[in-house]
$ cat coords-v6.cif   # mmCIF, C-alpha atoms
data_model
#
loop_
_atom_site.label_atom_id
_atom_site.label_comp_id
_atom_site.auth_asym_id
_atom_site.auth_seq_id
_atom_site.Cartn_x
_atom_site.Cartn_y
_atom_site.Cartn_z
CA MET R 93 -72.62 -40.76 152.40
CA ASN R 94 -72.17 -37.54 154.32
CA ILE R 95 -69.07 -35.77 152.96
CA VAL R 96 -67.91 -32.53 154.50
CA ILE R 97 -65.36 -30.07 153.11
CA ILE R 98 -64.07 -27.82 155.86
CA ASP R 99 -64.61 -24.24 154.72
CA TYR R 100 -62.50 -21.83 156.74
CA GLY R 101 -61.92 -19.27 154.02
CA ALA R 102 -58.76 -20.81 152.62
CA GLY R 103 -58.60 -20.87 148.86
CA ASN R 104 -60.31 -22.60 146.00
CA ILE R 105 -62.51 -25.25 147.55
CA GLN R 106 -65.16 -25.27 144.83
CA SER R 107 -62.86 -27.41 142.69
CA ILE R 108 -62.84 -30.13 145.35
CA ARG R 109 -66.62 -30.02 145.60
CA PHE R 110 -66.94 -30.27 141.81
CA ALA R 111 -64.48 -33.19 141.70
CA ILE R 112 -66.57 -35.04 144.30
CA GLU R 113 -69.72 -34.31 142.29
CA ARG R 114 -68.04 -35.75 139.19
CA LEU R 115 -67.65 -38.97 141.20
CA GLY R 116 -71.37 -38.98 141.85
CA TYR R 117 -71.42 -37.72 145.45
CA GLU R 118 -72.48 -34.51 147.12
CA ALA R 119 -70.33 -32.58 149.57
CA VAL R 120 -71.24 -29.97 152.15
CA LEU R 121 -69.04 -26.93 152.76
CA THR R 122 -69.02 -25.95 156.41
CA ASP R 123 -67.05 -24.52 159.31
CA ASN R 124 -69.54 -25.87 161.84
CA ALA R 125 -67.88 -28.16 164.39
CA GLY R 126 -71.00 -30.30 164.88
CA THR R 127 -71.48 -30.88 161.15
CA ILE R 128 -67.81 -31.80 160.79
CA ARG R 129 -67.95 -34.29 163.70
CA GLN R 130 -71.02 -36.02 162.24
CA ALA R 131 -69.61 -36.46 158.73
CA ASP R 132 -68.68 -39.86 157.29
CA LYS R 133 -65.72 -38.35 155.44
CA VAL R 134 -63.96 -35.07 156.10
CA ILE R 135 -61.88 -33.19 153.55
CA PHE R 136 -59.57 -30.51 154.88
CA PRO R 137 -58.40 -28.30 152.00
CA GLY R 138 -56.27 -25.22 152.01
CA VAL R 139 -54.38 -22.89 149.75
CA GLY R 140 -52.47 -19.87 150.94
CA GLU R 141 -50.23 -19.05 153.85
CA ALA R 142 -49.85 -21.42 156.81
CA GLY R 143 -49.71 -18.81 159.59
CA SER R 144 -52.90 -17.02 158.60
CA ALA R 145 -54.67 -20.31 157.87
CA MET R 146 -53.85 -21.56 161.40
CA ARG R 147 -55.19 -18.30 162.84
CA LYS R 148 -58.45 -18.84 160.98
CA LEU R 149 -58.68 -22.41 162.30
CA ARG R 150 -58.07 -21.23 165.85
CA ALA R 151 -60.64 -18.44 165.52
CA THR R 152 -63.35 -20.97 164.67
CA GLY R 153 -62.14 -23.67 167.10
CA ILE R 154 -61.70 -26.14 164.22
CA ASP R 155 -58.06 -26.60 165.26
CA ARG R 156 -59.32 -28.59 168.26
CA VAL R 157 -62.00 -30.48 166.31
CA ILE R 158 -59.84 -32.02 163.55
CA PRO R 159 -57.30 -33.98 165.67
CA GLU R 160 -60.15 -35.65 167.56
CA LEU R 161 -62.00 -36.92 164.49
CA LYS R 162 -62.36 -40.71 164.19
CA GLN R 163 -63.70 -40.90 160.62
CA PRO R 164 -61.40 -40.78 157.56
CA VAL R 165 -59.94 -37.28 157.11
CA LEU R 166 -58.10 -36.13 153.97
CA GLY R 167 -55.93 -33.03 154.10
CA ILE R 168 -55.10 -31.54 150.71
CA CYS R 169 -52.10 -29.27 149.97
CA LEU R 170 -51.92 -26.70 152.79
CA GLY R 171 -54.49 -28.82 154.65
CA MET R 172 -51.96 -31.66 154.78
CA GLN R 173 -49.22 -29.27 155.90
CA LEU R 174 -51.37 -27.88 158.72
CA MET R 175 -51.91 -31.45 160.00
CA CYS R 176 -48.16 -31.66 160.69
CA LYS R 177 -46.26 -30.54 163.83
CA SER R 178 -45.20 -27.15 162.55
CA SER R 179 -44.51 -25.10 159.44
CA GLU R 180 -41.57 -22.92 158.60
CA GLU R 181 -44.08 -20.74 156.71
CA GLY R 182 -45.27 -18.09 159.13
CA ARG R 183 -43.35 -20.03 161.85
CA THR R 184 -46.57 -21.57 163.00
CA LYS R 185 -47.45 -24.62 165.06
CA GLY R 186 -49.67 -27.11 163.25
CA LEU R 187 -52.32 -29.57 164.41
CA GLY R 188 -49.65 -32.13 165.32
CA ILE R 189 -51.32 -35.14 163.73
CA PHE R 190 -48.36 -36.10 161.55
CA ASP R 191 -44.99 -36.22 163.30
CA VAL R 192 -43.08 -34.06 160.82
CA ASP R 193 -42.15 -30.40 160.40
CA ILE R 194 -42.89 -28.53 157.14
CA VAL R 195 -39.88 -26.77 155.57
CA ARG R 196 -39.23 -24.66 152.48
CA PHE R 197 -37.64 -25.77 149.21
CA SER R 198 -34.12 -24.40 148.76
CA ASP R 199 -33.24 -21.73 146.22
CA GLN R 200 -31.63 -24.45 144.09
CA VAL R 201 -35.03 -24.95 142.47
CA LYS R 202 -37.79 -22.66 141.28
CA VAL R 203 -40.21 -21.94 144.11
CA PRO R 204 -43.14 -22.59 144.12
CA GLN R 205 -43.02 -25.95 142.43
CA ILE R 206 -45.87 -25.63 139.94
CA GLY R 207 -46.92 -28.45 137.70
CA TRP R 208 -47.09 -32.20 137.27
CA ASN R 209 -44.65 -34.43 139.11
CA GLN R 210 -44.52 -38.15 139.88
CA ILE R 211 -45.53 -39.99 143.03
CA SER R 212 -43.73 -43.22 143.89
CA GLY R 213 -43.31 -45.70 146.75
CA LEU R 214 -47.08 -45.79 147.03
CA LYS R 215 -48.31 -47.62 150.11
CA SER R 216 -51.88 -47.00 151.21
CA PRO R 217 -55.40 -48.01 150.19
CA LEU R 218 -55.57 -44.42 148.99
CA PHE R 219 -53.51 -45.44 145.95
CA GLU R 220 -55.33 -48.63 145.00
CA GLY R 221 -55.32 -48.91 141.22
CA VAL R 222 -52.93 -45.96 140.87
CA LYS R 223 -49.69 -46.86 139.12
CA GLU R 224 -46.21 -46.14 140.48
CA ASN R 225 -44.77 -42.87 139.13
CA GLU R 226 -48.21 -41.53 138.25
CA PHE R 227 -48.29 -37.79 137.62
CA MET R 228 -50.06 -35.46 140.03
CA TYR R 229 -50.55 -31.70 139.92
CA LEU R 230 -48.70 -29.80 142.65
CA VAL R 231 -48.40 -26.15 143.63
CA HIS R 232 -46.33 -25.50 146.74
CA SER R 233 -43.28 -23.82 148.23
CA PHE R 234 -43.05 -25.85 151.44
CA TYR R 235 -42.92 -29.62 151.89
CA ALA R 236 -42.94 -32.49 154.38
CA PRO R 237 -39.53 -34.21 154.48
CA GLU R 238 -39.42 -37.98 154.06
CA CYS R 239 -40.61 -39.61 157.29
CA SER R 240 -42.08 -42.82 158.72
CA GLU R 241 -45.65 -41.67 157.96
CA ALA R 242 -44.92 -41.09 154.27
CA ILE R 243 -47.13 -43.11 151.90
CA ALA R 244 -45.88 -41.47 148.68
CA LEU R 245 -42.66 -39.75 147.67
CA THR R 246 -41.90 -37.08 145.09
CA ARG R 247 -38.59 -35.64 143.89
CA TYR R 248 -38.10 -31.90 143.67
CA ASP R 249 -35.00 -30.37 145.20
CA VAL R 250 -35.03 -33.40 147.51
CA GLU R 251 -37.07 -36.56 147.81
CA TYR R 252 -39.97 -35.60 150.07
CA ALA R 253 -43.24 -37.00 151.41
CA SER R 254 -46.00 -36.08 148.96
CA ALA R 255 -48.58 -38.04 150.97
CA LEU R 256 -48.86 -39.00 154.64
CA GLN R 257 -51.02 -41.33 156.65
CA LYS R 258 -51.55 -41.95 160.35
CA ASP R 259 -54.52 -44.03 161.47
CA ASN R 260 -57.66 -42.40 160.01
CA PHE R 261 -55.76 -39.30 158.87
CA TYR R 262 -54.55 -38.95 155.29
CA GLY R 263 -52.74 -36.02 153.74
CA VAL R 264 -51.74 -35.34 150.14
CA GLN R 265 -49.53 -32.50 148.99
CA PHE R 266 -50.82 -32.74 145.42
CA HIS R 267 -54.27 -31.74 144.19
CA PRO R 268 -56.24 -34.89 143.36
CA GLU R 269 -59.14 -32.68 142.26
CA LYS R 270 -56.91 -31.21 139.53
CA SER R 271 -54.96 -34.34 138.61
CA SER R 272 -57.06 -35.81 135.82
CA THR R 273 -58.35 -39.37 136.03
CA ALA R 274 -55.63 -40.63 138.40
CA GLY R 275 -56.47 -37.84 140.83
CA ALA R 276 -60.16 -38.72 140.63
CA ARG R 277 -59.24 -42.32 141.40
CA ILE R 278 -57.44 -41.24 144.60
CA LEU R 279 -60.40 -39.15 145.73
CA ASN R 280 -62.71 -42.05 145.00
CA ASN R 281 -60.45 -44.41 146.97
CA PHE R 282 -60.60 -42.03 149.92
CA LEU R 283 -64.39 -41.90 149.78
CA LYS R 284 -64.49 -45.72 149.79
CA ILE R 285 -62.31 -46.15 152.90
CA LYS R 286 -64.29 -47.90 155.61
CA PRO R 287 -64.35 -46.14 158.97
CA SER R 288 -62.34 -48.18 161.47
CA MET C 16 -27.14 -19.14 139.27
CA TRP C 17 -26.60 -22.61 137.84
CA LYS C 18 -29.32 -24.94 138.98
CA VAL C 19 -28.18 -28.50 139.62
CA MET C 20 -30.89 -30.72 140.97
CA ILE C 21 -33.06 -33.69 140.46
CA ILE C 22 -36.02 -32.44 138.51
CA MET C 23 -38.84 -34.74 137.62
CA LEU C 24 -41.27 -31.85 137.37
CA THR C 25 -42.62 -31.96 133.85
CA LYS C 26 -42.61 -29.23 131.23
CA ARG C 27 -46.19 -28.10 130.69
CA ILE C 28 -48.17 -27.74 127.46
CA ILE C 29 -50.89 -25.11 127.77
CA PRO C 30 -53.54 -24.45 125.12
CA CYS C 31 -54.96 -20.93 125.32
CA LEU C 32 -58.62 -20.26 124.55
CA ASP C 33 -59.70 -16.75 123.60
CA ILE C 34 -63.15 -16.00 124.97
CA LYS C 35 -65.61 -13.37 123.85
CA ASN C 36 -68.98 -13.08 125.59
CA GLY C 37 -68.62 -16.57 126.97
CA ARG C 38 -67.74 -18.20 123.62
CA THR C 39 -64.44 -19.24 122.08
CA VAL C 40 -63.24 -17.05 119.28
CA LYS C 41 -60.60 -17.56 116.59
CA GLY C 42 -61.93 -19.94 113.99
CA ILE C 43 -61.74 -23.32 115.52
CA ASN C 44 -61.40 -26.32 113.35
CA PHE C 45 -62.62 -29.22 115.42
CA LEU C 46 -64.80 -31.59 113.51
CA ASP C 47 -65.40 -33.74 116.55
CA LEU C 48 -66.94 -30.97 118.62
CA ARG C 49 -70.69 -30.58 118.77
CA ASP C 50 -70.31 -26.87 119.34
CA ALA C 51 -66.93 -25.42 118.43
CA GLY C 52 -67.79 -22.19 120.21
CA ASP C 53 -68.37 -23.86 123.56
CA PRO C 54 -65.29 -23.25 125.73
CA VAL C 55 -66.23 -26.02 128.15
CA GLU C 56 -66.43 -28.68 125.47
CA LEU C 57 -63.13 -27.59 123.96
CA ALA C 58 -61.51 -27.51 127.40
CA GLU C 59 -62.66 -31.06 128.12
CA LEU C 60 -61.27 -32.21 124.79
CA TYR C 61 -57.87 -30.62 125.47
CA ALA C 62 -57.78 -32.15 128.94
CA LYS C 63 -58.48 -35.56 127.43
CA GLU C 64 -55.74 -35.11 124.85
CA GLY C 65 -53.20 -34.50 127.60
CA ALA C 66 -53.04 -30.73 128.04
CA ASP C 67 -51.39 -29.98 131.38
CA GLU C 68 -53.25 -26.76 132.03
CA LEU C 69 -55.54 -24.35 130.23
CA VAL C 70 -55.62 -20.59 129.93
CA PHE C 71 -58.82 -18.69 129.18
CA LEU C 72 -58.25 -15.21 127.93
CA ASP C 73 -61.37 -13.06 127.99
CA ILE C 74 -61.32 -10.43 125.28
CA SER C 75 -64.90 -9.21 125.59
CA ALA C 76 -65.46 -5.64 126.61
CA THR C 77 -69.10 -5.54 127.61
CA GLU C 78 -70.77 -4.41 130.79
CA GLU C 79 -71.85 -7.98 131.42
CA LYS C 80 -68.27 -9.21 131.16
CA ARG C 81 -67.69 -10.01 134.82
CA LYS C 82 -70.89 -11.97 135.25
CA THR C 83 -70.45 -13.93 132.02
CA LEU C 84 -66.86 -14.78 132.87
CA ALA C 85 -67.71 -15.92 136.39
CA GLY C 86 -70.40 -18.21 134.94
CA LEU C 87 -67.96 -19.63 132.42
CA VAL C 88 -65.34 -20.25 135.10
CA ARG C 89 -67.88 -22.14 137.13
CA SER C 90 -68.90 -24.33 134.19
CA VAL C 91 -65.29 -25.11 133.39
CA ALA C 92 -64.47 -25.93 137.03
CA GLU C 93 -67.44 -28.28 137.19
CA LYS C 94 -66.34 -30.29 134.20
CA VAL C 95 -62.57 -30.03 133.79
CA ASP C 96 -60.14 -31.93 136.02
CA ILE C 97 -56.91 -30.07 135.20
CA PRO C 98 -55.85 -26.61 136.43
CA PHE C 99 -56.83 -23.48 134.58
CA THR C 100 -55.96 -19.80 134.57
CA VAL C 101 -58.28 -16.94 133.68
CA GLY C 102 -57.10 -13.62 132.33
CA GLY C 103 -58.22 -10.59 130.41
CA GLY C 104 -59.06 -7.22 131.88
CA ILE C 105 -58.75 -8.31 135.50
CA ALA C 106 -58.03 -5.17 137.48
CA SER C 107 -59.00 -5.61 141.11
CA VAL C 108 -58.77 -7.85 144.13
CA GLU C 109 -62.55 -8.12 143.98
CA ASP C 110 -62.51 -9.41 140.36
CA VAL C 111 -59.98 -12.06 141.34
CA GLY C 112 -61.94 -13.08 144.42
CA ILE C 113 -65.02 -13.75 142.28
CA LEU C 114 -63.09 -15.84 139.75
CA LEU C 115 -61.28 -17.92 142.38
CA HIS C 116 -64.48 -18.43 144.30
CA ASN C 117 -66.11 -19.82 141.15
CA GLY C 118 -63.33 -22.35 140.73
CA ALA C 119 -60.47 -20.75 138.78
CA ASP C 120 -57.08 -22.02 139.97
CA LYS C 121 -55.11 -18.95 138.92
CA VAL C 122 -55.68 -15.56 137.39
CA SER C 123 -53.41 -13.62 135.10
CA VAL C 124 -53.03 -9.87 135.21
CA ASN C 125 -51.34 -7.81 132.54
CA SER C 126 -51.99 -4.12 131.77
CA SER C 127 -53.62 -3.52 135.13
CA ALA C 128 -50.42 -4.65 136.88
CA VAL C 129 -48.29 -2.33 134.75
CA LYS C 130 -50.56 0.60 135.55
CA ASN C 131 -50.79 -0.36 139.22
CA PRO C 132 -47.92 -2.67 140.24
CA GLY C 133 -49.24 -2.74 143.82
CA LEU C 134 -52.05 -4.95 142.52
CA ILE C 135 -49.56 -7.86 142.38
CA ASP C 136 -48.68 -7.38 146.07
CA ASP C 137 -52.35 -7.13 146.99
CA LEU C 138 -53.30 -10.29 145.10
CA ALA C 139 -50.34 -12.30 146.40
CA GLY C 140 -51.04 -11.13 149.95
CA ARG C 141 -54.73 -11.87 149.77
CA PHE C 142 -54.81 -15.12 147.74
CA GLY C 143 -51.21 -16.37 147.70
CA SER C 144 -48.56 -16.17 144.99
CA GLN C 145 -49.51 -19.60 143.63
CA CYS C 146 -52.60 -18.16 141.91
CA VAL C 147 -51.05 -14.95 140.57
CA VAL C 148 -49.75 -15.19 137.01
CA VAL C 149 -48.34 -11.96 135.63
CA ALA C 150 -48.65 -11.81 131.85
CA VAL C 151 -45.99 -9.67 130.21
CA ASP C 152 -46.28 -8.60 126.57
CA ALA C 153 -43.06 -7.21 125.15
CA LYS C 154 -41.42 -6.34 121.88
CA GLN C 155 -38.03 -5.09 120.80
CA VAL C 156 -37.71 -1.39 120.14
CA ASN C 157 -34.30 -0.30 118.82
CA GLY C 158 -32.80 -3.53 120.13
CA GLU C 159 -34.29 -3.20 123.58
CA TRP C 160 -37.14 -5.32 124.96
CA LEU C 161 -39.91 -3.01 126.18
CA VAL C 162 -43.18 -3.92 127.91
CA HIS C 163 -46.28 -3.20 125.82
CA LEU C 164 -49.91 -2.80 126.80
CA VAL C 165 -53.29 -3.60 125.26
CA GLY C 166 -52.17 -6.74 123.48
CA GLY C 167 -48.91 -5.21 122.35
CA LYS C 168 -50.40 -2.08 120.80
CA VAL C 169 -49.27 0.50 123.32
CA PRO C 170 -45.55 0.75 124.13
CA THR C 171 -44.27 1.73 127.57
CA ASP C 172 -40.77 2.76 128.59
CA ILE C 173 -40.56 -0.14 131.04
CA ARG C 174 -37.71 -2.52 130.29
CA LEU C 175 -38.77 -6.17 130.12
CA TYR C 176 -35.95 -7.45 132.32
CA ASP C 177 -36.57 -4.84 135.02
CA TRP C 178 -40.26 -5.61 135.01
CA VAL C 179 -39.95 -9.41 135.37
CA ARG C 180 -37.67 -8.94 138.39
CA GLU C 181 -40.10 -6.48 139.90
CA VAL C 182 -43.14 -8.72 139.44
CA GLU C 183 -41.30 -11.59 141.11
CA GLN C 184 -40.38 -9.38 144.07
CA ARG C 185 -43.97 -8.23 144.36
CA GLY C 186 -45.18 -11.80 144.69
CA ALA C 187 -46.05 -13.12 141.23
CA GLY C 188 -46.17 -16.93 141.22
CA GLU C 189 -45.49 -17.30 137.49
CA ILE C 190 -44.59 -15.16 134.51
CA LEU C 191 -46.39 -15.61 131.19
CA PHE C 192 -44.09 -13.97 128.68
CA THR C 193 -45.45 -13.19 125.20
CA SER C 194 -43.12 -11.85 122.58
CA MET C 195 -45.18 -9.59 120.33
CA ASP C 196 -42.38 -9.91 117.77
CA HIS C 197 -42.99 -13.64 117.56
CA ASP C 198 -46.73 -13.89 118.23
CA GLY C 199 -48.61 -15.00 115.14
CA THR C 200 -45.45 -15.64 113.10
CA LYS C 201 -45.30 -19.42 113.69
CA GLY C 202 -41.53 -19.02 113.55
CA GLY C 203 -40.73 -20.21 117.06
CA PHE C 204 -40.66 -18.73 120.56
CA ALA C 205 -38.40 -15.85 121.69
CA ASN C 206 -35.79 -18.19 123.15
CA GLU C 207 -33.05 -15.64 123.77
CA ALA C 208 -35.33 -13.45 125.87
CA LEU C 209 -36.83 -16.52 127.55
CA VAL C 210 -33.52 -17.93 128.71
CA LYS C 211 -32.56 -14.55 130.08
CA ILE C 212 -35.81 -14.19 132.02
CA SER C 213 -35.58 -17.77 133.26
CA GLY C 214 -32.09 -17.15 134.62
CA MET C 215 -33.18 -13.93 136.24
CA VAL C 216 -36.19 -15.05 138.26
CA ASN C 217 -36.77 -18.06 140.47
CA ILE C 218 -40.43 -18.57 139.54
CA PRO C 219 -41.76 -20.57 136.58
CA VAL C 220 -41.77 -18.91 133.17
CA ILE C 221 -44.40 -19.72 130.54
CA ALA C 222 -43.38 -19.10 126.93
CA SER C 223 -45.97 -17.66 124.59
CA GLY C 224 -46.02 -16.41 121.02
CA GLY C 225 -44.56 -18.04 117.93
CA ALA C 226 -45.42 -21.74 118.15
CA GLY C 227 -45.54 -23.19 114.65
CA ASN C 228 -44.18 -26.72 114.90
CA MET C 229 -43.14 -29.30 117.46
CA GLN C 230 -39.47 -28.37 117.36
CA HIS C 231 -40.44 -24.86 118.48
CA PHE C 232 -41.79 -26.29 121.73
CA ALA C 233 -38.65 -28.37 122.24
CA ASP C 234 -36.52 -25.25 121.66
CA ALA C 235 -38.54 -23.20 124.15
CA PHE C 236 -37.78 -25.83 126.81
CA THR C 237 -34.15 -26.60 125.97
CA LEU C 238 -32.86 -23.28 124.58
CA GLY C 239 -35.36 -20.96 126.28
CA LYS C 240 -35.37 -22.89 129.60
CA ALA C 241 -39.11 -22.25 129.79
CA ASP C 242 -41.12 -24.22 132.32
CA ALA C 243 -44.24 -24.29 130.19
CA ALA C 244 -45.26 -23.32 126.67
CA LEU C 245 -48.56 -21.83 125.62
CA ALA C 246 -50.13 -21.81 122.17
CA ALA C 247 -53.51 -21.24 120.60
CA SER C 248 -53.87 -21.64 116.86
CA VAL C 249 -51.66 -24.71 116.35
CA PHE C 250 -53.99 -26.60 118.66
CA HIS C 251 -57.26 -24.98 117.62
CA PHE C 252 -56.68 -25.66 113.94
CA LYS C 253 -55.58 -29.22 114.66
CA GLU C 254 -52.18 -28.55 113.14
CA MET C 255 -50.76 -30.34 116.12
CA ASP C 256 -52.14 -33.00 118.40
CA ILE C 257 -51.10 -32.61 122.04
CA ARG C 258 -50.41 -36.35 122.36
CA ASP C 259 -48.13 -36.31 119.30
CA LEU C 260 -46.36 -33.21 120.61
CA LYS C 261 -45.68 -34.84 123.97
CA MET C 262 -44.43 -38.01 122.32
CA PHE C 263 -42.08 -35.91 120.20
CA LEU C 264 -40.80 -34.04 123.27
CA LYS C 265 -40.35 -37.24 125.26
CA GLU C 266 -38.22 -38.77 122.52
CA LEU C 267 -36.00 -35.70 122.70
CA GLY C 268 -35.56 -36.24 126.43
CA VAL C 269 -37.86 -33.45 127.59
CA VAL C 270 -39.70 -34.56 130.75
CA VAL C 271 -43.43 -34.47 130.01
CA ARG C 272 -46.53 -36.04 131.49
CA MET C 273 -47.80 -38.81 129.24
#

$ encode --input "coords-v6.cif" --output "structure tokens"
Amino acid sequence: MNIVIIDYGAGNIQSIRFAIERLGYEAVLTDNAGTIRQADKVIFPGVGEAGSAMRKLRATGIDRVIPELKQPVLGICLGMQLMCKSSEEGRTKGLGIFDVDIVRFSDQVKVPQIGWNQISGLKSPLFEGVKENEFMYLVHSFYAPECSEAIALTRYDVEYASALQKDNFYGVQFHPEKSSTAGARILNNFLKIKPS
Amino acid sequence: MWKVMIIMLTKRIIPCLDIKNGRTVKGINFLDLRDAGDPVELAELYAKEGADELVFLDISATEEKRKTLAGLVRSVAEKVDIPFTVGGGIASVEDVGILLHNGADKVSVNSSAVKNPGLIDDLAGRFGSQCVVVAVDAKQVNGEWLVHLVGGKVPTDIRLYDWVREVEQRGAGEILFTSMDHDGTKGGFANEALVKISGMVNIPVIASGGAGNMQHFADAFTLGKADAALAASVFHFKEMDIRDLKMFLKELGVVVRM
């Protein structure tokens, strides 16, 4: 299987590669549009600030490549947020795959949310074999509000969408690569999704 | 500010591993380890036992330090599936870049941030606040909490409560507060200072220094309002099993990941 991790200079992507290797697969890190288009599975990571991350995507033209992909695509953390319509962070437009706008947690809670929180209302092949209220590791200040494309919910400040799905596009706010065996299970489920 | 909210976010238990020249130091009493000095093996064991995160504190002072540490970070990232922080003598954006590139999730800065507070802004701007932990060592001098350097040996005239506010404003993502008055005593964490810091900043606070028994952890969370608690020797010497500790906390109503 040809697995590609989109490398556009945003954060710690080695951890995702290592997590995939622990599952017995290899992954290629690239920002090459052709390599991304030819992959069987595409992982779109991201850590950092939304505005500057979008600028990097635009500079390489990847912002136009991702929405046209037909194979399974998994956005992780900021990657998921950039797949949405817009983000309050850096007041930037996103890729517009998911029909939801990213907003910031209120000052009623500590921001960023850092640590292990539960995912519930699981509905996607992504979560096969993962139990309701399983703990996932999250680090983020902005979130996707609950919406029709939500496939998992988490409570912090509000109840928000901690995972999204639309057609072949999947997004998770948490870090499966850092979420112990349950996280590994989710990554493995993603890698096993058949292209439609 | 009184925080009323639905919080399911768990309190974190963080074992800390002291590293010298790529090996764990502090006598470690693990019979079930093949090599008690191998940080990767110990890290895997802690992850399996339910540790929520790990901290590696590099105390070596050799020329080779940076290269050895980068190699260690890479080995840990390859094997361990929970987040980890690396600290100890990190003084530049370049150092941090190398560690993050090799798979560290966060870095902690301490003395270097006191000497050059702008480092916090630079790191947060370049890599994001989420990976910048500012470690603060403090002890009480004539009733006042003052920041100390070099593992608590060198006092400064910086007041603890001023400093934690400043590091938050500069973009720290978390504060790792070690009370040098409590560290090594096994008499409990500095809960009065912790609760004050926690009420003062809106970023997570990790309690460190003083863990001796399970009740101490519970107190750090309930009295100290800490978001996470770090300890070394109670875990290394098997005085406490992480699973037992979490069970104990859960029974007291502390939200933990089981």

$ closest_atom_pairs --input "coords-v6.cif" --of "chain R" --to "chain C" --cutoff "9 Å" --atoms "all atoms listed in the file" --output "Markdown table"
| residue | atom | partner | partner_atom | distance |
| --- | --- | --- | --- | --- |
| R:Ala102 | CA | C:Phe142 | CA | 8.5 |
| R:Gly103 | CA | C:Phe142 | CA | 7.0 |
| R:Asn104 | CA | C:Leu115 | CA | 6.0 |
| R:Ile105 | CA | C:Gly118 | CA | 7.5 |
| R:Gln106 | CA | C:Gly118 | CA | 5.4 |
| R:Ser107 | CA | C:Gly118 | CA | 5.4 |
| R:Arg109 | CA | C:Glu93 | CA | 8.6 |
| R:Phe110 | CA | C:Glu93 | CA | 5.1 |
| R:Ala111 | CA | C:Asp96 | CA | 7.3 |
| R:Glu113 | CA | C:Glu93 | CA | 8.2 |
| R:Arg114 | CA | C:Lys94 | CA | 7.6 |
| R:Val139 | CA | C:Gly143 | CA | 7.5 |
| R:Gly140 | CA | C:Gly143 | CA | 4.9 |
| R:Glu141 | CA | C:Gly143 | CA | 6.8 |
| R:Asp199 | CA | C:Asn217 | CA | 7.7 |
| R:Gln200 | CA | C:Lys18 | CA | 5.6 |
| R:Val201 | CA | C:Lys18 | CA | 6.7 |
| R:Lys202 | CA | C:Asn217 | CA | 4.8 |
| R:Val203 | CA | C:Ile218 | CA | 5.7 |
| R:Pro204 | CA | C:Ile218 | CA | 6.7 |
| R:Gln205 | CA | C:Leu24 | CA | 8.0 |
| R:Ile206 | CA | C:Pro219 | CA | 7.3 |
| R:Gly207 | CA | C:Leu24 | CA | 6.6 |
| R:Trp208 | CA | C:Thr25 | CA | 5.6 |
| R:Asn209 | CA | C:Leu24 | CA | 4.6 |
| R:Gln210 | CA | C:Met23 | CA | 7.0 |
| R:Glu226 | CA | C:Arg272 | CA | 8.9 |
| R:Phe227 | CA | C:Arg272 | CA | 6.6 |
| R:Tyr229 | CA | C:Ile97 | CA | 8.1 |
| R:Val231 | CA | C:Gln145 | CA | 6.6 |
| R:His232 | CA | C:Gln145 | CA | 7.4 |
| R:Ser233 | CA | C:Gln145 | CA | 8.8 |
| R:Thr246 | CA | C:Met23 | CA | 8.4 |
| R:Arg247 | CA | C:Met23 | CA | 6.3 |
| R:Tyr248 | CA | C:Ile22 | CA | 5.6 |
| R:Asp249 | CA | C:Met20 | CA | 5.9 |
| R:Val250 | CA | C:Ile21 | CA | 7.3 |
| R:Glu251 | CA | C:Ile21 | CA | 8.9 |
| R:Pro268 | CA | C:Asp96 | CA | 8.8 |
| R:Glu269 | CA | C:Asp96 | CA | 6.4 |
| R:Lys270 | CA | C:Ile97 | CA | 4.5 |
| R:Ser271 | CA | C:Ile97 | CA | 5.8 |
| R:Ser272 | CA | C:Asp96 | CA | 5.0 |
| R:Thr273 | CA | C:Asp96 | CA | 7.7 |
| R:Gly275 | CA | C:Asp96 | CA | 8.5 |
| R:Ala276 | CA | C:Asp96 | CA | 8.2 |

$ atom_distance --input "coords-v6.cif" --atom1 "atom CA of Gly116 of chain R" --atom2 "atom CA of Val222 of chain R"
19.7 Å

$ residues_around --input "coords-v6.cif" --residues "Ala150 of chain C" --least-positions-apart "5" --cutoff "6 Å" --atoms "only C-alpha atoms" --output "VMD selection string"
chain C and resid 124 to 125 190 to 192

$ resolve_selection --input "coords-v6.cif" --expression "the PyMOL selection byres ((chain C and resi 176-178) around 12)" --output "NGL selection string"
:C and (125 or 128-129 or 132 or 149-155 or 159-163 or 171-175 or 179-185 or 187 or 190 or 192 or 208-216)

$ atom_distance --input "coords-v6.cif" --atom1 "atom CA of Gly167 of chain C" --atom2 "atom CA of Gly37 of chain C"
23.2 Å

$ resolve_selection --input "coords-v6.cif" --expression "the PyMOL selection byres ((chain R and resi 134) around 9)" --output "number ranges by chain"
R: 94-98, 128-129, 131-133, 135-136, 161, 163-167

$ resolve_selection --input "coords-v6.cif" --expression "the PyMOL selection byres ((chain C and resi 253-258) around 9)" --output "ChimeraX atom specification"
/C:28,43-45,61,64-66,227-229,248-252,259-263,273

$ atom_distance --input "coords-v6.cif" --atom1 "atom CA of Asn280 of chain R" --atom2 "atom CA of Gly263 of chain R"
14.6 Å

$ residues_around --input "coords-v6.cif" --residues "Leu134 of chain C" --least-positions-apart "3" --cutoff "8 Å" --atoms "only C-alpha atoms" --output "PDB file with C-alpha atoms, in the coordinates of the input"
ATOM      1  CA  ALA C 106     -58.030  -5.170 137.480  1.00  0.00           C
ATOM      2  CA  SER C 107     -59.000  -5.610 141.110  1.00  0.00           C
ATOM      3  CA  VAL C 108     -58.770  -7.850 144.130  1.00  0.00           C
ATOM      4  CA  SER C 127     -53.620  -3.520 135.130  1.00  0.00           C
ATOM      5  CA  ALA C 128     -50.420  -4.650 136.880  1.00  0.00           C
ATOM      6  CA  ASN C 131     -50.790  -0.360 139.220  1.00  0.00           C
ATOM      7  CA  ASP C 137     -52.350  -7.130 146.990  1.00  0.00           C
ATOM      8  CA  LEU C 138     -53.300 -10.290 145.100  1.00  0.00           C
TER       9      LEU C 138
END
